[in-house]
Number of protein chains: 2
Amino acid sequence: MAAEDGRDAGDARHGAGEGAGDGARDGAGAEAGAGAGDIVARVLAQWRRVRPDFDTAPMAVVGRLNRCVALLQQAEEAPLVREGLTRPEFDVLVTLRREDREMTPGQIARETFASGAAVTKRLRLLEERGLVARRTSARDRRVSELSLTAGGRELIDRLLPAQLAYEAELLSGLTDAQRSELSAILSELLVLLEGRLGGLRG
Amino acid sequence: MAAEDGRDAGDARHGAGEGAGDGARDGAGAEAGAGAGDIVARVLAQWRRVRPDFDTAPMAVVGRLNRCVALLQQAEEAPLVREGLTRPEFDVLVTLRREDREMTPGQIARETFASGAAVTKRLRLLEERGLVARRTSARDRRVSELSLTAGGRELIDRLLPAQLAYEAELLSGLTDAQRSELSAILSELLVLLEGRLGGLRG
DNA sequence: CGCACTCATTTTACTGGTAAAACATGCGTT
DNA sequence: AACGCATGTTTTACCAGTAAAATGAGTGCG
């Protein structure tokens with residue numbers, strides 16, 4: 001859905017301008033009030049010119065979702081990398097901090113939406129760095145019980161507020177009302193998607 | 001931002017229930033009308049219990065964005081894989097279709113937000129499958145001009161409407177008003193992010 | 001003209017992810 | 001108690017992506 005829905009960037013001027021003539025104006029107009037200036041609007045305009053019969057309406061939502069998330073994720077990676085963490089590693093630590101209890105690799109895998117093998121690798125690195133401690137469960141010797149070390153906890157307690165403040169700043173261009181409207185609609189969408197995709201088979 | 005903001009899934013029952021007691025009720029209540037039942041609400045409740053001093057407000061938006069996109073992407077990958085395409089490959093084809101002109105590898109890389117090397121690899125595969133044709137530019141013999149073959153175009157013209165219809169269905173639980181509100185706010189956010197992240201340095 | 005520089009693309013070496021197999025337990029049945 | 005199956009984790013083999021070097025080609029300046 002990336003390029004499909006406008007998760008593309010770069011030399012945007014090109015496409016709309018080159019031989020499109022009124023394409024851009026066209027597109028902006030047809031999309032009513034729903035934001036004229038962004039990349040996705042340009043993509044929609046291109047489709048309208050090339051295949052006006054396609055019903056591209058869903059792209060206005062899905063494409064923008066994709067693109068917003070891509071930009072946000074890119075932006076938020078930088079501060080982590082400065083601390084020598086990848087985002088998935090950070091996710092593991094944050095999950096442990098938030099759950100505030102010992103967790104097994106399997107639980108972490110499910111919570112962070114990652115494969116078991118990936119978690120194994122991450123845990124090895126995090127252990128080596130002394131951020132996570134491992135203890136074999138007494139009840140079931142197959143499972144490891146993982147917890148944050150003091151250092152791991154301190155790292156997250158320092159890093160996460162900075163991340164949150166940065167996110168707040170990125171969102172600060174929206175009004176309070178817009179933010180809460182956005183969060184409300186997304187919550188509803190999320191419930192729908194969880195039901196539909198969890199319930200039946202993708 | 002994944003697990004940080006609730007891009008986690010899996011055995012969700014666990015966390016909220018286990019030792020959280022009133023945590024979940026707490027969380028749902030404090031978040032006002034903004035969607036009580038989703039995973040992110042649970043994550044927010046956990047943070048409220050563990051570190052009530054953190055200002056987790058941005059997670060309500062960013063976390064839900066992440067999670068919605070993760071679910072959408074996962075859902076939309078399946079039909080592509082059935083056709084033997086990965087999503088990034090699909091992105092290349094869709095970009096060529098939409099721009100409706102010959103493009104160079106560099107242009108495709110920028111538009112699909114991918115590295116040049118990644119595009120090189122994808123193009124090799126797509127060429128081998130006869131979906132994309134390559135022609136060395138006459139003016140500048142460094143550059144390749146790429147275009148869809150008839151087969152590639154047909155594939156996209158068949159696949160994309162199906163993807164769009166599927167997306168429409170996924171969004172069909174929202175009202176028209178919600179969809180257009182969502183698309184409008186996201187568009188505004190997108191413009192802000194593009195400015196902030198394009199303009200200055202991440 | 002030829003040298004230095006820039007640019008588009010590809011190649012190389014490496015990293016991190018995944019799926020599937022292997023391993024190590026635990027558990028229910030007989 | 002011993003067998004067979006289920007489960008949690010790790011290992012293996014492999015694949016896709018990246019950054020940086022290499023390649024090949026244009027451009028400009030002395």
# chains A, B, ... in the order shown; residues from 1 in each chain; ligands from 1
call {"tool": "closest_atom_pairs", "arguments": {"of": "chain B", "to": "chain C", "cutoff": "12 Å", "atoms": "only C-alpha atoms (C1' of nucleotides)", "output": "JSON lines"}}
result
{"residue": "B:Thr104", "atom": "CA", "partner": "C:DA8", "partner_atom": "C1'", "distance": 9.0}
{"residue": "B:Pro105", "atom": "CA", "partner": "C:DT9", "partner_atom": "C1'", "distance": 7.8}
{"residue": "B:Gly106", "atom": "CA", "partner": "C:DA8", "partner_atom": "C1'", "distance": 7.2}
{"residue": "B:Gln107", "atom": "CA", "partner": "C:DA8", "partner_atom": "C1'", "distance": 10.3}
{"residue": "B:Ala109", "atom": "CA", "partner": "C:DT9", "partner_atom": "C1'", "distance": 11.3}
{"residue": "B:Ser115", "atom": "CA", "partner": "C:DT9", "partner_atom": "C1'", "distance": 11.4}
{"residue": "B:Gly116", "atom": "CA", "partner": "C:DT9", "partner_atom": "C1'", "distance": 7.8}
{"residue": "B:Ala117", "atom": "CA", "partner": "C:DT10", "partner_atom": "C1'", "distance": 7.4}
{"residue": "B:Ala118", "atom": "CA", "partner": "C:DT10", "partner_atom": "C1'", "distance": 10.5}
{"residue": "B:Val119", "atom": "CA", "partner": "C:DT9", "partner_atom": "C1'", "distance": 10.0}
{"residue": "B:Thr120", "atom": "CA", "partner": "C:DT10", "partner_atom": "C1'", "distance": 7.3}
{"residue": "B:Lys121", "atom": "CA", "partner": "C:DT10", "partner_atom": "C1'", "distance": 9.4}
{"residue": "B:Leu123", "atom": "CA", "partner": "C:DT10", "partner_atom": "C1'", "distance": 11.7}
{"residue": "B:Arg124", "atom": "CA", "partner": "C:DT10", "partner_atom": "C1'", "distance": 11.0}
{"residue": "B:Thr136", "atom": "CA", "partner": "C:DT9", "partner_atom": "C1'", "distance": 11.6}
{"residue": "B:Ser137", "atom": "CA", "partner": "C:DA8", "partner_atom": "C1'", "distance": 11.5}
{"residue": "B:Asp140", "atom": "CA", "partner": "C:DA8", "partner_atom": "C1'", "distance": 9.5}
{"residue": "B:Arg141", "atom": "CA", "partner": "C:DA8", "partner_atom": "C1'", "distance": 9.4}
{"residue": "B:Arg142", "atom": "CA", "partner": "C:DA8", "partner_atom": "C1'", "distance": 5.8}
{"residue": "B:Val143", "atom": "CA", "partner": "C:DA8", "partner_atom": "C1'", "distance": 5.9}
{"residue": "B:Ser144", "atom": "CA", "partner": "C:DT9", "partner_atom": "C1'", "distance": 8.5}
{"residue": "B:Glu145", "atom": "CA", "partner": "C:DA8", "partner_atom": "C1'", "distance": 11.6}
call {"tool": "select_by_dssp", "arguments": {"residues": "region 28-194 of chain B", "states": "strand (DSSP E)", "output": "list in words"}}
result
Val132, Ala133, Arg134, Arg135, Thr136, Ser144, Glu145, Leu146, Ser147 and Leu148 of chain B
call {"tool": "write_last_selection", "arguments": {"atoms": "C-alpha atoms", "output": "PDB file, in the first residue's frame"}}
result
ATOM      1  CA  VAL B 132       8.921  -4.236 -16.287  1.00  0.00           C
ATOM      2  CA  ALA B 133      11.003  -3.330 -19.323  1.00  0.00           C
ATOM      3  CA  ARG B 134      14.270  -1.447 -19.315  1.00  0.00           C
ATOM      4  CA  ARG B 135      15.777   0.789 -21.935  1.00  0.00           C
ATOM      5  CA  THR B 136      19.017   2.706 -21.693  1.00  0.00           C
ATOM      6  CA  SER B 144      17.788   3.371 -17.395  1.00  0.00           C
ATOM      7  CA  GLU B 145      14.299   4.227 -18.455  1.00  0.00           C
ATOM      8  CA  LEU B 146      11.797   1.801 -17.022  1.00  0.00           C
ATOM      9  CA  SER B 147       8.277   1.103 -18.067  1.00  0.00           C
ATOM     10  CA  LEU B 148       5.593  -1.442 -17.420  1.00  0.00           C
TER      11      LEU B 148
END
call {"tool": "select_by_dssp", "arguments": {"residues": "region 47-198 of chain B", "states": "helix (DSSP H, G or I)", "output": "PDB file with C-alpha atoms, in the first residue's frame"}}
result
ATOM      1  CA  TRP B  47       1.383   3.462  31.992  1.00  0.00           C
ATOM      2  CA  ARG B  48      -0.991   5.330  34.228  1.00  0.00           C
ATOM      3  CA  ARG B  49      -0.527   2.679  36.843  1.00  0.00           C
ATOM      4  CA  VAL B  50       3.237   2.303  36.480  1.00  0.00           C
ATOM      5  CA  ALA B  57      -1.203  11.773  25.692  1.00  0.00           C
ATOM      6  CA  PRO B  58       0.666  11.576  22.369  1.00  0.00           C
ATOM      7  CA  MET B  59       0.404   7.806  22.466  1.00  0.00           C
ATOM      8  CA  ALA B  60      -3.335   8.028  22.091  1.00  0.00           C
ATOM      9  CA  VAL B  61      -2.730   9.348  18.613  1.00  0.00           C
ATOM     10  CA  VAL B  62       0.651   7.979  17.607  1.00  0.00           C
ATOM     11  CA  GLY B  63       0.097   4.554  19.078  1.00  0.00           C
ATOM     12  CA  ARG B  64      -3.212   4.167  17.344  1.00  0.00           C
ATOM     13  CA  LEU B  65      -1.760   5.348  14.080  1.00  0.00           C
ATOM     14  CA  ASN B  66       0.971   2.768  14.330  1.00  0.00           C
ATOM     15  CA  ARG B  67      -1.303  -0.012  15.242  1.00  0.00           C
ATOM     16  CA  CYS B  68      -3.916   0.740  12.589  1.00  0.00           C
ATOM     17  CA  VAL B  69      -1.236   0.827   9.941  1.00  0.00           C
ATOM     18  CA  ALA B  70       0.347  -2.383  11.150  1.00  0.00           C
ATOM     19  CA  LEU B  71      -2.975  -4.172  10.933  1.00  0.00           C
ATOM     20  CA  LEU B  72      -3.854  -2.676   7.574  1.00  0.00           C
ATOM     21  CA  GLN B  73      -0.520  -3.560   6.071  1.00  0.00           C
ATOM     22  CA  GLN B  74      -0.658  -7.063   7.328  1.00  0.00           C
ATOM     23  CA  ALA B  75      -4.161  -7.476   5.947  1.00  0.00           C
ATOM     24  CA  GLU B  76      -3.263  -6.132   2.557  1.00  0.00           C
ATOM     25  CA  GLU B  77      -0.188  -8.189   2.097  1.00  0.00           C
ATOM     26  CA  ALA B  78      -2.059 -11.453   1.718  1.00  0.00           C
ATOM     27  CA  PRO B  79      -3.683 -10.832  -1.695  1.00  0.00           C
ATOM     28  CA  LEU B  80      -0.363  -9.660  -3.090  1.00  0.00           C
ATOM     29  CA  VAL B  81       1.538 -12.645  -1.860  1.00  0.00           C
ATOM     30  CA  ARG B  82      -1.037 -14.828  -3.555  1.00  0.00           C
ATOM     31  CA  ARG B  87       4.538  -5.212  -1.178  1.00  0.00           C
ATOM     32  CA  PRO B  88       7.661  -3.276  -2.177  1.00  0.00           C
ATOM     33  CA  GLU B  89       7.547  -4.876  -5.603  1.00  0.00           C
ATOM     34  CA  PHE B  90       3.892  -3.968  -5.879  1.00  0.00           C
ATOM     35  CA  ASP B  91       4.808  -0.419  -4.913  1.00  0.00           C
ATOM     36  CA  VAL B  92       7.234  -0.173  -7.786  1.00  0.00           C
ATOM     37  CA  LEU B  93       4.666  -1.371 -10.286  1.00  0.00           C
ATOM     38  CA  VAL B  94       1.939   0.855  -8.933  1.00  0.00           C
ATOM     39  CA  THR B  95       4.204   3.854  -9.047  1.00  0.00           C
ATOM     40  CA  LEU B  96       5.028   3.233 -12.680  1.00  0.00           C
ATOM     41  CA  ARG B  97       1.373   2.769 -13.480  1.00  0.00           C
ATOM     42  CA  ARG B  98       0.303   5.901 -11.711  1.00  0.00           C
ATOM     43  CA  GLU B  99       3.019   8.152 -13.072  1.00  0.00           C
ATOM     44  CA  PRO B 105      15.582   3.766 -10.959  1.00  0.00           C
ATOM     45  CA  GLY B 106      16.484   6.860  -8.982  1.00  0.00           C
ATOM     46  CA  GLN B 107      13.070   8.401  -9.447  1.00  0.00           C
ATOM     47  CA  ILE B 108      11.427   5.167  -8.408  1.00  0.00           C
ATOM     48  CA  ALA B 109      13.653   4.957  -5.366  1.00  0.00           C
ATOM     49  CA  ARG B 110      12.703   8.451  -4.256  1.00  0.00           C
ATOM     50  CA  GLU B 111       9.028   7.974  -4.941  1.00  0.00           C
ATOM     51  CA  THR B 112       8.786   4.690  -3.142  1.00  0.00           C
ATOM     52  CA  GLY B 116      18.704   2.766  -4.657  1.00  0.00           C
ATOM     53  CA  ALA B 117      20.176  -0.629  -3.937  1.00  0.00           C
ATOM     54  CA  ALA B 118      16.821  -2.032  -2.911  1.00  0.00           C
ATOM     55  CA  VAL B 119      15.262  -0.735  -6.104  1.00  0.00           C
ATOM     56  CA  THR B 120      18.006  -2.320  -8.170  1.00  0.00           C
ATOM     57  CA  LYS B 121      17.194  -5.697  -6.685  1.00  0.00           C
ATOM     58  CA  ARG B 122      13.471  -5.335  -7.113  1.00  0.00           C
ATOM     59  CA  LEU B 123      13.811  -4.211 -10.690  1.00  0.00           C
ATOM     60  CA  ARG B 124      15.936  -7.197 -11.534  1.00  0.00           C
ATOM     61  CA  LEU B 125      13.219  -9.534 -10.288  1.00  0.00           C
ATOM     62  CA  LEU B 126      10.418  -7.615 -11.946  1.00  0.00           C
ATOM     63  CA  GLU B 127      12.316  -7.594 -15.214  1.00  0.00           C
ATOM     64  CA  GLU B 128      12.912 -11.322 -15.001  1.00  0.00           C
ATOM     65  CA  ALA B 150       1.675  -4.975 -21.132  1.00  0.00           C
ATOM     66  CA  GLY B 151       1.664  -7.815 -18.631  1.00  0.00           C
ATOM     67  CA  GLY B 152       2.762  -5.595 -15.798  1.00  0.00           C
ATOM     68  CA  ARG B 153       0.114  -3.057 -16.576  1.00  0.00           C
ATOM     69  CA  GLU B 154      -2.555  -5.690 -16.789  1.00  0.00           C
ATOM     70  CA  LEU B 155      -1.480  -7.157 -13.489  1.00  0.00           C
ATOM     71  CA  ILE B 156      -1.780  -3.828 -11.720  1.00  0.00           C
ATOM     72  CA  ASP B 157      -5.022  -2.928 -13.428  1.00  0.00           C
ATOM     73  CA  ARG B 158      -6.433  -6.163 -12.134  1.00  0.00           C
ATOM     74  CA  LEU B 159      -4.869  -6.138  -8.686  1.00  0.00           C
ATOM     75  CA  LEU B 160      -5.271  -2.543  -7.654  1.00  0.00           C
ATOM     76  CA  PRO B 161      -9.062  -2.364  -7.886  1.00  0.00           C
ATOM     77  CA  ALA B 162      -9.230  -5.501  -5.781  1.00  0.00           C
ATOM     78  CA  GLN B 163      -6.944  -3.925  -3.197  1.00  0.00           C
ATOM     79  CA  LEU B 164      -9.006  -0.770  -3.204  1.00  0.00           C
ATOM     80  CA  ALA B 165     -12.230  -2.672  -2.781  1.00  0.00           C
ATOM     81  CA  TYR B 166     -10.732  -4.561   0.094  1.00  0.00           C
ATOM     82  CA  GLU B 167      -9.585  -1.351   1.724  1.00  0.00           C
ATOM     83  CA  ALA B 168     -13.020   0.117   1.269  1.00  0.00           C
ATOM     84  CA  GLU B 169     -14.457  -2.856   3.036  1.00  0.00           C
ATOM     85  CA  LEU B 170     -12.032  -2.525   5.908  1.00  0.00           C
ATOM     86  CA  LEU B 171     -13.065   1.086   6.316  1.00  0.00           C
ATOM     87  CA  ASP B 176     -18.803   8.679   5.634  1.00  0.00           C
ATOM     88  CA  ALA B 177     -18.414  11.601   7.968  1.00  0.00           C
ATOM     89  CA  GLN B 178     -15.803   9.820  10.029  1.00  0.00           C
ATOM     90  CA  ARG B 179     -13.835   8.820   6.982  1.00  0.00           C
ATOM     91  CA  SER B 180     -13.730  12.287   5.597  1.00  0.00           C
ATOM     92  CA  GLU B 181     -12.976  13.809   8.972  1.00  0.00           C
ATOM     93  CA  LEU B 182     -10.156  11.328   9.370  1.00  0.00           C
ATOM     94  CA  SER B 183      -8.759  12.009   5.961  1.00  0.00           C
ATOM     95  CA  ALA B 184      -8.939  15.761   6.547  1.00  0.00           C
ATOM     96  CA  ILE B 185      -7.110  15.671   9.860  1.00  0.00           C
ATOM     97  CA  LEU B 186      -4.510  13.265   8.572  1.00  0.00           C
ATOM     98  CA  SER B 187      -3.932  15.487   5.606  1.00  0.00           C
ATOM     99  CA  GLU B 188      -3.262  18.390   7.887  1.00  0.00           C
ATOM    100  CA  LEU B 189      -0.945  16.305  10.027  1.00  0.00           C
ATOM    101  CA  LEU B 190       0.825  15.106   6.948  1.00  0.00           C
ATOM    102  CA  VAL B 191       1.505  18.614   5.771  1.00  0.00           C
ATOM    103  CA  LEU B 192       2.867  19.493   9.198  1.00  0.00           C
ATOM    104  CA  LEU B 193       5.113  16.458   9.316  1.00  0.00           C
ATOM    105  CA  GLU B 194       6.357  16.927   5.805  1.00  0.00           C
ATOM    106  CA  GLY B 195       7.274  20.476   6.617  1.00  0.00           C
ATOM    107  CA  ARG B 196       8.907  19.712   9.891  1.00  0.00           C
ATOM    108  CA  LEU B 197      10.766  16.598   8.845  1.00  0.00           C
ATOM    109  CA  GLY B 198      11.564  17.640   5.322  1.00  0.00           C
TER     110      GLY B 198
END
call {"tool": "closest_atom_pairs", "arguments": {"of": "chain D", "to": "chain B", "cutoff": "12 Å", "atoms": "only C-alpha atoms (C1' of nucleotides)", "output": "CSV"}}
result
residue,atom,partner,partner_atom,distance
D:DC15,C1',B:Lys121,CA,12.0
D:DA16,C1',B:Ala118,CA,8.2
D:DG17,C1',B:Ala118,CA,6.5
D:DT18,C1',B:Ser115,CA,7.7
D:DA19,C1',B:Ala117,CA,9.7
D:DA20,C1',B:Ala117,CA,11.2
D:DT23,C1',B:Arg142,CA,10.4
D:DG24,C1',B:Arg142,CA,7.0
D:DA25,C1',B:Arg142,CA,5.6
D:DG26,C1',B:Asp140,CA,7.2
D:DT27,C1',B:Asp140,CA,11.8
call {"tool": "atom_distance", "arguments": {"atom1": "CA of Val43 (chain A)", "atom2": "CA of Asp55 (chain A)"}}
result
13.0 Å
call {"tool": "closest_residue", "arguments": {"among": "B:Ala138, B:Asp53, B:Gly130, B:Phe113", "to": "chain A", "atoms": "only C-alpha atoms"}}
result
B:Phe113
call {"tool": "closest_residue", "arguments": {"among": "A:Thr86, A:Phe54, A:Thr149, A:Arg42", "to": "chain B", "atoms": "only C-alpha atoms"}}
result
A:Phe54
call {"tool": "atom_distance", "arguments": {"atom1": "CA of Glu83 (chain A)", "atom2": "CA of Asp100 (chain A)"}}
result
22.3 Å
